[in-house]
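S.K.: Before I ask anything, let me first share the structure, which is written out below as structure tokens.
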Amino acid sequence: MLVELHVRDLGVIESVTIALGAGMTALTGETGAGKTLLVEALDLLLGGRADPGLVRPGATEALVEGRFLLEGTEDEVILARAVPVSGRSRAWVDGRMAPLAVLEEAGRGLADLHGQHAHQSLLEPAAQRRALDAFGGVDAGPLRAARAAVRALEAELAAVGGDARARAREVDLLRYQLDEIDAAGIAGGDEDDRLAEDEERLAAMAAHLEAAAGALGALGDEGGAIDALGTARDALDGRRALEALAERAGTLQAEVADLASELRTVVDTWEDDPERLAAVRARRNLLHELSRKYGEGPGGVLAYAARARAQLAELESHDERARALADDLRAARLGLARAEAAVGKARREAAPRLAAAVEERLRTLAMPHGRLEVAVGDEDPGDDVVFRLGANPGEPVLALAKVASGGELARTMLALRLVLTDAPGTVVFDEVDAGVGGEAAGAVGRALAEVARRHQVLVVTHLAQVASCADRQLGVRKGVVDGRTVAEVAVLEGEARVVELARMLSGRPDSATARRHAEELLAGAGPVRRPRAGSGGARAARSRQDR
């Protein structure tokens, strides 16, 4: 619901802020006073074309701001649009600068304008399709699910598809690589580290044996370290004060004896083995070549082999998987065809009922010969839905978007809104009473009040019969202040509203007859008007340029 609209330097409007409430609000005033400019302002908020010619002379830019209350919540959305004399317009959503497309998207579900303006959601084919579905109770859920299932299976089948020859080449390559890795018989990820130790030992075997023999002699020969430690222990033994040192000497002697034993094993068992050294070096070269091809070290090669095995298994099972997916896709497409047929049938059955319901409403809105066609495409599921209108006898039916008369289009939209329940929170009607008078005007007013039971309705009208049905009425007037044309907007209540209705009836606000008629209209429309959710209000607006 639109709760506040601020307009500055737009056409004849210098500055105006209007507070709005729920229900129906009528905007009235003389031709050229600036009523339609308020609708132009809303059109700008919803992403409409920005015409620099609308900027008030002497101003650098026009500014429009709207505050909307989201239905059923306390949350607000604030939209703003600036139109400069030169250059591109600028937009804001909740105080943040935004591209025009974002502003349009934000406003799409907030308000709908019916009349000469482009922002009418029911002119869009997708909206007409949704409206038909809502009216006919068409459940499109199974159709959406069936379409999603087909898309998912098609994508999965495409992912496992591809060139059969390329798959065969990849299978051969993977098998060759795995054969090469398996033939190597890698004994774990640390095999190269262990071979490096063997190579270092075998390459310097003579030097190792000489060093081990020298160390053994220093420890175990007569007078060596073992004998020296034994002599030291004997010297300390039996003296209480040196008992701990004697024990340490004995421990060291035992440890050195153990070291000498290991050195003896090296001297006695190690041999210079050129053949073993050559084999170790050849093995390491093989591992390095595999690492160059498949991964870092034996561990990387083994990891690559695991991945290659999984990929090979997937490729080898491809045909079986592809057949299963193709079977699933065929079944899904059959399910989709059934869902499309069901939805198409439901839409074609609902279309004439919707058309008849709207035509019945059109007859009460001064369009007794109005014909509405709801065309549904021949191909299931009938997504191609088009609303067509023939307003007068002998005229062809045209798509709503091509209807030239703003008044006829607005009344058709009103009839649709009466039949349908789905609409944005705020619905604006401009020129809805064009070419209407007498009892038909009262019918239009009552129809607008009926829509206002479900949505906030703003209507620009010249007919007292329509304005009298509104919950509140705003009068737009223009005058001259300090030599400049200005526009003013005021809430009309009590006597002021009677005077304005009298002016609308006869052009003479002081006519006693017109006043009595105005009072009768207000009294008769009382049951139509819903309880007022708020009086709304406006502050004066001034400008110097008429429109």
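Chain labels follow the order of the structure tokens: the first chain is A, the next B, and so on; residue numbering restarts at 1 in every chain, and ligands are counted from 1 in their shown order.
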I'd like the neighbourhood of region 399-405 of chain A as a PyMOL selection string, where a residue qualifies if any of its atoms comes within 8 Å (using only C-alpha atoms), though same-chain residues fewer than 5 positions away should be ignored.
M.R.: chain A and resi 123+386-389
S.K.: When you look at Asp433 (chain A) with a cut-off of 10 Å (counting only C-alpha atoms), what residues show up, excluding the ones that are within fewer than 2 positions of it in the same chain? I need them as a list in words.
M.R.: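 The filter keeps Leu365, Ala366, Gly406, Gly407, Glu408, Ala410, Arg411, Phe429, Asp430, Glu431, Gly435, Val436, Gly437, Ala440, Ala441, Gly442, Val444, Gly445, Val459, Val460, Thr461, His462, Leu463, Gln465 and Val466 of chain A.
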S.K.: Convert the current residue selection to file output with N, CA and C atoms, as a compact mmCIF listing (two decimals), in the first residue's frame.
M.R.:
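Wrote selection.txt, looks like this:
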```txt
# COMPACT_ATOMS: atom_id res chain seq x y z
N LEU A 365 -20.15 -1.42 -16.88
CA LEU A 365 -19.16 -0.34 -16.89
C LEU A 365 -19.21 0.44 -18.21
N ALA A 366 -20.43 0.61 -18.72
CA ALA A 366 -20.67 1.40 -19.93
C ALA A 366 -19.96 0.83 -21.15
N GLY A 406 -7.55 4.78 -23.80
CA GLY A 406 -7.14 4.61 -22.41
C GLY A 406 -8.32 4.33 -21.51
N GLY A 407 -9.47 4.98 -21.77
CA GLY A 407 -10.65 4.76 -20.94
C GLY A 407 -11.17 3.35 -21.05
N GLU A 408 -11.30 2.84 -22.29
CA GLU A 408 -11.79 1.48 -22.47
C GLU A 408 -10.85 0.46 -21.86
N ALA A 410 -8.80 1.00 -19.37
CA ALA A 410 -8.87 1.10 -17.91
C ALA A 410 -10.12 0.40 -17.38
N ARG A 411 -11.26 0.54 -18.09
CA ARG A 411 -12.48 -0.13 -17.62
C ARG A 411 -12.37 -1.65 -17.77
N PHE A 429 -6.25 3.92 -11.28
CA PHE A 429 -7.05 4.01 -12.50
C PHE A 429 -7.09 5.46 -12.96
N ASP A 430 -6.66 5.67 -14.20
CA ASP A 430 -6.69 6.99 -14.81
C ASP A 430 -7.51 6.89 -16.09
N GLU A 431 -8.44 7.79 -16.30
CA GLU A 431 -9.32 7.81 -17.46
C GLU A 431 -10.31 6.66 -17.45
N GLY A 435 -15.81 8.86 -21.36
CA GLY A 435 -16.97 8.50 -22.16
C GLY A 435 -18.08 7.86 -21.38
N VAL A 436 -18.08 7.99 -20.07
CA VAL A 436 -19.08 7.35 -19.22
C VAL A 436 -19.92 8.44 -18.57
N GLY A 437 -21.19 8.20 -18.38
CA GLY A 437 -22.06 9.14 -17.68
C GLY A 437 -23.27 8.44 -17.13
N ALA A 440 -24.19 4.51 -15.60
CA ALA A 440 -22.94 3.78 -15.81
C ALA A 440 -21.81 4.35 -14.97
N ALA A 441 -21.81 5.69 -14.79
CA ALA A 441 -20.78 6.29 -13.96
C ALA A 441 -20.88 5.80 -12.52
N GLY A 442 -22.13 5.70 -12.04
CA GLY A 442 -22.30 5.15 -10.70
C GLY A 442 -21.83 3.72 -10.61
N VAL A 444 -19.41 2.39 -12.37
CA VAL A 444 -17.95 2.42 -12.33
C VAL A 444 -17.48 2.74 -10.92
N GLY A 445 -18.11 3.72 -10.29
CA GLY A 445 -17.72 4.07 -8.92
C GLY A 445 -17.91 2.92 -7.96
N VAL A 459 -7.95 6.72 -7.96
CA VAL A 459 -8.62 6.96 -9.23
C VAL A 459 -8.62 8.44 -9.53
N VAL A 460 -8.19 8.78 -10.75
CA VAL A 460 -8.30 10.15 -11.25
C VAL A 460 -9.62 10.23 -12.01
N THR A 461 -10.52 11.11 -11.60
CA THR A 461 -11.85 11.12 -12.18
C THR A 461 -12.39 12.53 -12.34
N HIS A 462 -13.27 12.68 -13.33
CA HIS A 462 -14.02 13.93 -13.54
C HIS A 462 -15.48 13.74 -13.18
N LEU A 463 -15.87 12.56 -12.76
CA LEU A 463 -17.28 12.27 -12.51
C LEU A 463 -17.58 12.27 -11.01
N GLN A 465 -20.18 10.98 -9.68
CA GLN A 465 -20.71 9.67 -9.29
C GLN A 465 -19.59 8.73 -8.87
N VAL A 466 -18.43 8.83 -9.54
CA VAL A 466 -17.28 8.00 -9.19
C VAL A 466 -16.63 8.50 -7.90
```
S.K.: Report the residues of region 23-205 of chain A whose backbone DSSP state falls under strand (DSSP E or B), written as a ChimeraX atom specification.
M.R.: /A:24-28,55,61-69,76-84,90-93,96-98,111-114
S.K.: Please, could you write that set of residues out with C-alpha atoms as a PDB file, in the first residue's frame?
M.R.:
```pdb
ATOM      1  CA  MET A  24     -10.399   4.152  -2.375  1.00  0.00           C
ATOM      2  CA  THR A  25      -9.030   7.665  -2.904  1.00  0.00           C
ATOM      3  CA  ALA A  26     -10.378   9.946  -5.636  1.00  0.00           C
ATOM      4  CA  LEU A  27      -8.225  12.676  -7.193  1.00  0.00           C
ATOM      5  CA  THR A  28     -10.417  15.411  -8.655  1.00  0.00           C
ATOM      6  CA  VAL A  55      10.693  19.211 -15.235  1.00  0.00           C
ATOM      7  CA  GLU A  61      15.442  18.220 -11.926  1.00  0.00           C
ATOM      8  CA  ALA A  62      12.153  16.678 -10.843  1.00  0.00           C
ATOM      9  CA  LEU A  63      12.058  14.335  -7.860  1.00  0.00           C
ATOM     10  CA  VAL A  64       9.494  11.680  -6.956  1.00  0.00           C
ATOM     11  CA  GLU A  65       9.538   9.588  -3.766  1.00  0.00           C
ATOM     12  CA  GLY A  66       7.082   6.933  -2.640  1.00  0.00           C
ATOM     13  CA  ARG A  67       6.812   5.043   0.643  1.00  0.00           C
ATOM     14  CA  PHE A  68       5.036   1.692   0.437  1.00  0.00           C
ATOM     15  CA  LEU A  69       3.888  -0.538   3.299  1.00  0.00           C
ATOM     16  CA  GLU A  76       8.365  -0.528   4.252  1.00  0.00           C
ATOM     17  CA  VAL A  77       9.896  -0.018   0.807  1.00  0.00           C
ATOM     18  CA  ILE A  78      10.947   3.464  -0.289  1.00  0.00           C
ATOM     19  CA  LEU A  79      11.397   4.153  -4.005  1.00  0.00           C
ATOM     20  CA  ALA A  80      12.759   7.397  -5.481  1.00  0.00           C
ATOM     21  CA  ARG A  81      13.439   8.735  -8.982  1.00  0.00           C
ATOM     22  CA  ALA A  82      15.115  11.952 -10.114  1.00  0.00           C
ATOM     23  CA  VAL A  83      14.622  13.279 -13.659  1.00  0.00           C
ATOM     24  CA  PRO A  84      17.194  15.974 -14.610  1.00  0.00           C
ATOM     25  CA  ARG A  90      18.624   8.329 -11.322  1.00  0.00           C
ATOM     26  CA  ALA A  91      16.863   5.800  -9.093  1.00  0.00           C
ATOM     27  CA  TRP A  92      16.995   4.763  -5.446  1.00  0.00           C
ATOM     28  CA  VAL A  93      15.579   1.754  -3.600  1.00  0.00           C
ATOM     29  CA  ARG A  96      20.490   3.150  -2.057  1.00  0.00           C
ATOM     30  CA  MET A  97      21.201   4.125  -5.644  1.00  0.00           C
ATOM     31  CA  ALA A  98      20.022   1.419  -8.027  1.00  0.00           C
ATOM     32  CA  ALA A 111       1.469  -0.910  -7.692  1.00  0.00           C
ATOM     33  CA  ASP A 112      -0.337  -1.239 -11.009  1.00  0.00           C
ATOM     34  CA  LEU A 113      -1.373   1.690 -13.227  1.00  0.00           C
ATOM     35  CA  HIS A 114      -4.374   1.407 -15.537  1.00  0.00           C
TER      36      HIS A 114
END
```
S.K.: Between A:Gly214, A:Pro274, A:Gly188, A:Gly475, single out the one closest to Gly300 (chain A), counting only C-alpha atoms.
M.R.: A:Gly188
S.K.: How many Å lie between CA of Arg333 (chain A) and CA of Asp380 (chain A), rounded to one decimal?
M.R.: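 Separation between CA of Arg333 (chain A) and CA of Asp380 (chain A): 13.1 Å.
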S.K.: Using only C-alpha atoms, I'd like a table of the residues in region 379-415 of chain A that come within 9 Å of region 341-348 of chain A; for each, show the closest atom pair and its distance in Å rounded to one decimal, ordered by chain and ascending number, as a Markdown table.
M.R.:
```
| residue | atom | partner | partner_atom | distance |
| --- | --- | --- | --- | --- |
| A:Glu379 | CA | A:Gly344 | CA | 7.9 |
| A:Asp380 | CA | A:Gly344 | CA | 5.0 |
| A:Pro381 | CA | A:Gly344 | CA | 4.1 |
| A:Gly382 | CA | A:Gly344 | CA | 4.8 |
| A:Asp383 | CA | A:Gly344 | CA | 7.9 |
| A:Val385 | CA | A:Arg347 | CA | 8.9 |
```
S.K.: Could those selected residues go to a file with N, CA and C atoms, as a PDB file, in the first residue's frame?
M.R.:
```
ATOM      1  N   GLU A 379      -1.083 -25.630 -28.753  1.00  0.00           N
ATOM      2  CA  GLU A 379      -0.079 -26.604 -28.308  1.00  0.00           C
ATOM      3  C   GLU A 379      -0.055 -26.665 -26.787  1.00  0.00           C
ATOM      4  N   ASP A 380      -0.186 -27.884 -26.255  1.00  0.00           N
ATOM      5  CA  ASP A 380      -0.146 -28.047 -24.796  1.00  0.00           C
ATOM      6  C   ASP A 380       1.215 -27.641 -24.260  1.00  0.00           C
ATOM      7  N   PRO A 381       1.263 -27.004 -23.085  1.00  0.00           N
ATOM      8  CA  PRO A 381       0.187 -26.834 -22.099  1.00  0.00           C
ATOM      9  C   PRO A 381      -0.602 -25.534 -22.256  1.00  0.00           C
ATOM     10  N   GLY A 382      -0.563 -24.924 -23.416  1.00  0.00           N
ATOM     11  CA  GLY A 382      -1.306 -23.694 -23.605  1.00  0.00           C
ATOM     12  C   GLY A 382      -0.681 -22.517 -22.891  1.00  0.00           C
ATOM     13  N   ASP A 383       0.649 -22.440 -22.888  1.00  0.00           N
ATOM     14  CA  ASP A 383       1.325 -21.315 -22.236  1.00  0.00           C
ATOM     15  C   ASP A 383       1.061 -19.993 -22.950  1.00  0.00           C
ATOM     16  N   VAL A 385      -1.074 -17.549 -23.697  1.00  0.00           N
ATOM     17  CA  VAL A 385      -2.379 -17.005 -23.295  1.00  0.00           C
ATOM     18  C   VAL A 385      -2.416 -15.526 -23.642  1.00  0.00           C
TER      19      VAL A 385
END
```
S.K.: To one decimal place, how far is CA of Arg515 (chain A) from CA of Val499 (chain A) in Å?
M.R.: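 Those two atoms sit 6.6 Å apart.
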S.K.: What's around Ala187 (chain A) at 10 Å? Count only C-alpha atoms, leave out sequence neighbours fewer than 2 positions away in its own chain, and write the answer as a VMD selection string.
M.R.: chain A and resid 184 to 185 189 to 192 298 to 299 302
S.K.: Would you output that residue set with N, CA and C atoms, as a tab-separated table (two decimals), in the first residue's frame?
M.R.:
```tsv
chain	number	residue	atom	x	y	z
A	184	ALA	N	55.08	-51.75	-12.24
A	184	ALA	CA	56.18	-51.26	-11.40
A	184	ALA	C	56.12	-51.85	-10.00
A	185	GLY	N	54.95	-52.24	-9.53
A	185	GLY	CA	54.83	-52.86	-8.22
A	185	GLY	C	55.35	-51.99	-7.10
A	189	GLY	N	54.37	-45.58	-0.49
A	189	GLY	CA	54.74	-44.21	-0.79
A	189	GLY	C	56.14	-43.83	-0.38
A	190	ASP	N	56.79	-44.59	0.55
A	190	ASP	CA	58.13	-44.23	1.02
A	190	ASP	C	59.22	-45.09	0.38
A	191	GLU	N	58.88	-45.81	-0.69
A	191	GLU	CA	59.87	-46.72	-1.27
A	191	GLU	C	61.11	-45.97	-1.75
A	192	ASP	N	60.96	-44.85	-2.37
A	192	ASP	CA	62.13	-44.13	-2.89
A	192	ASP	C	63.02	-43.66	-1.76
A	298	PRO	N	56.43	-41.77	-5.26
A	298	PRO	CA	55.61	-42.98	-5.34
A	298	PRO	C	54.20	-42.77	-4.79
A	299	GLY	N	54.07	-41.95	-3.74
A	299	GLY	CA	52.74	-41.69	-3.18
A	299	GLY	C	51.84	-40.99	-4.19
A	302	LEU	N	50.74	-43.51	-6.88
A	302	LEU	CA	49.67	-44.40	-6.38
A	302	LEU	C	48.34	-43.66	-6.32
```
S.K.: Which residues of region 354-423 of chain A come within 10 Å of region 126-132 of chain A, and for each one, what is the closest pair of atoms and their distance in Å to one decimal, counting only C-alpha atoms, sorted by chain and residue number, as JSON lines?
M.R.:
```
{"residue": "A:Leu354", "atom": "CA", "partner": "A:Leu132", "partner_atom": "CA", "distance": 7.2}
{"residue": "A:Ala355", "atom": "CA", "partner": "A:Leu132", "partner_atom": "CA", "distance": 9.7}
{"residue": "A:Val374", "atom": "CA", "partner": "A:Leu132", "partner_atom": "CA", "distance": 8.4}
{"residue": "A:Val376", "atom": "CA", "partner": "A:Arg129", "partner_atom": "CA", "distance": 8.9}
{"residue": "A:Gly382", "atom": "CA", "partner": "A:Arg129", "partner_atom": "CA", "distance": 8.9}
{"residue": "A:Asp383", "atom": "CA", "partner": "A:Arg129", "partner_atom": "CA", "distance": 6.8}
{"residue": "A:Asp384", "atom": "CA", "partner": "A:Arg129", "partner_atom": "CA", "distance": 7.6}
{"residue": "A:Val385", "atom": "CA", "partner": "A:Arg129", "partner_atom": "CA", "distance": 5.4}
{"residue": "A:Val386", "atom": "CA", "partner": "A:Gln128", "partner_atom": "CA", "distance": 6.7}
{"residue": "A:Phe387", "atom": "CA", "partner": "A:Gln128", "partner_atom": "CA", "distance": 6.9}
{"residue": "A:Leu416", "atom": "CA", "partner": "A:Ala131", "partner_atom": "CA", "distance": 9.2}
{"residue": "A:Arg417", "atom": "CA", "partner": "A:Ala131", "partner_atom": "CA", "distance": 9.9}
{"residue": "A:Val419", "atom": "CA", "partner": "A:Ala131", "partner_atom": "CA", "distance": 9.8}
{"residue": "A:Leu420", "atom": "CA", "partner": "A:Ala131", "partner_atom": "CA", "distance": 7.0}
{"residue": "A:Thr421", "atom": "CA", "partner": "A:Ala131", "partner_atom": "CA", "distance": 8.7}
{"residue": "A:Asp422", "atom": "CA", "partner": "A:Ala131", "partner_atom": "CA", "distance": 7.3}
{"residue": "A:Ala423", "atom": "CA", "partner": "A:Ala131", "partner_atom": "CA", "distance": 9.4}
```
S.K.: Quote the spacing between CA of Ala260 (chain A) and CA of Asp273 (chain A) in Å to one decimal place.
M.R.: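 A separation of 23.9 Å between them.
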S.K.: Give me the residues within 9 Å of Leu418 (chain A) as a ChimeraX atom specification, counting only C-alpha atoms and dropping any in the same chain fewer than 2 places off.
M.R.: /A:358,361,413-416,420-421,447-448,450-451
S.K.: Point out the residue among A:Gly238, A:Pro52, A:Pro352, A:Gly250 with the least atom-to-atom distance to Ile226 (chain A), counting only C-alpha atoms.
M.R.: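 Of the candidates, the smallest distance to Ile226 (chain A) is held by A:Gly250.
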S.K.: As a list in words, please: the residues near Asp227 (chain A) (cut-off 10 Å, only C-alpha atoms, same-chain neighbours under 6 positions excluded).
M.R.: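 Near neighbours after the sequence-gap exclusion: Leu219, Gly220, Asp221, Arg233, Gln253 and Ala257 of chain A.
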S.K.: Kindly indicate which residue among A:Glu493, A:Leu153, A:Ala470, A:Arg248 lies nearest to Leu236 (chain A), using only C-alpha atoms for the distances.
M.R.: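 Of A:Glu493, A:Leu153, A:Ala470, A:Arg248, the one nearest Leu236 (chain A) is A:Arg248, counting only C-alpha atoms.
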S.K.: Between A:Val85, A:Val171, A:Asp9, A:Glu349, which has the minimum distance to Gly137 (chain A) (counting only C-alpha atoms)?
M.R.: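 The closest residue to Gly137 (chain A) is A:Glu349.
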S.K.: Could you check which of A:Gly377, A:Gly48, A:Gly479, A:Pro142 is closest to Gly107 (chain A), using only C-alpha atoms?
M.R.: A:Gly48
S.K.: Write out as a PyMOL selection string which residues come within 10 Å of Leu38 (chain A) when counting only C-alpha atoms, dropping same-chain ones fewer than 6 positions away.
M.R.: chain A and resi 5-7+10-11+13+16+18+27+44+64+460+476
S.K.: List the spatial neighbours of Ala149 (chain A) as an mmCIF file with N, CA and C atoms, in the first residue's frame - criterion: any atom at most 9 Å away, only C-alpha atoms, same-chain residues fewer than 4 positions off excluded.
M.R.:
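Result went into out37.cif, see below:
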```
data_model
loop_
_atom_site.group_PDB
_atom_site.id
_atom_site.type_symbol
_atom_site.label_atom_id
_atom_site.label_comp_id
_atom_site.auth_asym_id
_atom_site.auth_seq_id
_atom_site.Cartn_x
_atom_site.Cartn_y
_atom_site.Cartn_z
ATOM 1 N N ARG A 144 5.338 -27.823 -13.555
ATOM 2 C CA ARG A 144 6.667 -27.283 -13.235
ATOM 3 C C ARG A 144 7.605 -28.386 -12.777
ATOM 4 N N ALA A 145 7.098 -29.306 -11.954
ATOM 5 C CA ALA A 145 7.936 -30.411 -11.474
ATOM 6 C C ALA A 145 8.358 -31.319 -12.628
ATOM 7 N N LEU A 153 17.362 -34.484 -16.201
ATOM 8 C CA LEU A 153 17.804 -35.696 -16.889
ATOM 9 C C LEU A 153 18.524 -35.371 -18.191
ATOM 10 N N GLU A 154 18.033 -34.355 -18.926
ATOM 11 C CA GLU A 154 18.718 -33.958 -20.151
ATOM 12 C C GLU A 154 20.130 -33.466 -19.856
ATOM 13 N N LEU A 329 14.661 -40.598 -19.076
ATOM 14 C CA LEU A 329 14.256 -39.384 -19.791
ATOM 15 C C LEU A 329 12.996 -39.634 -20.607
ATOM 16 N N ALA A 332 10.199 -39.575 -18.225
ATOM 17 C CA ALA A 332 9.941 -38.211 -17.753
ATOM 18 C C ALA A 332 9.232 -37.384 -18.808
ATOM 19 N N ARG A 333 9.584 -37.565 -20.066
ATOM 20 C CA ARG A 333 8.934 -36.816 -21.141
ATOM 21 C C ARG A 333 7.479 -37.244 -21.309
ATOM 22 N N LEU A 336 5.767 -35.494 -18.602
ATOM 23 C CA LEU A 336 5.617 -34.075 -18.941
ATOM 24 C C LEU A 336 4.471 -33.874 -19.923
#
```
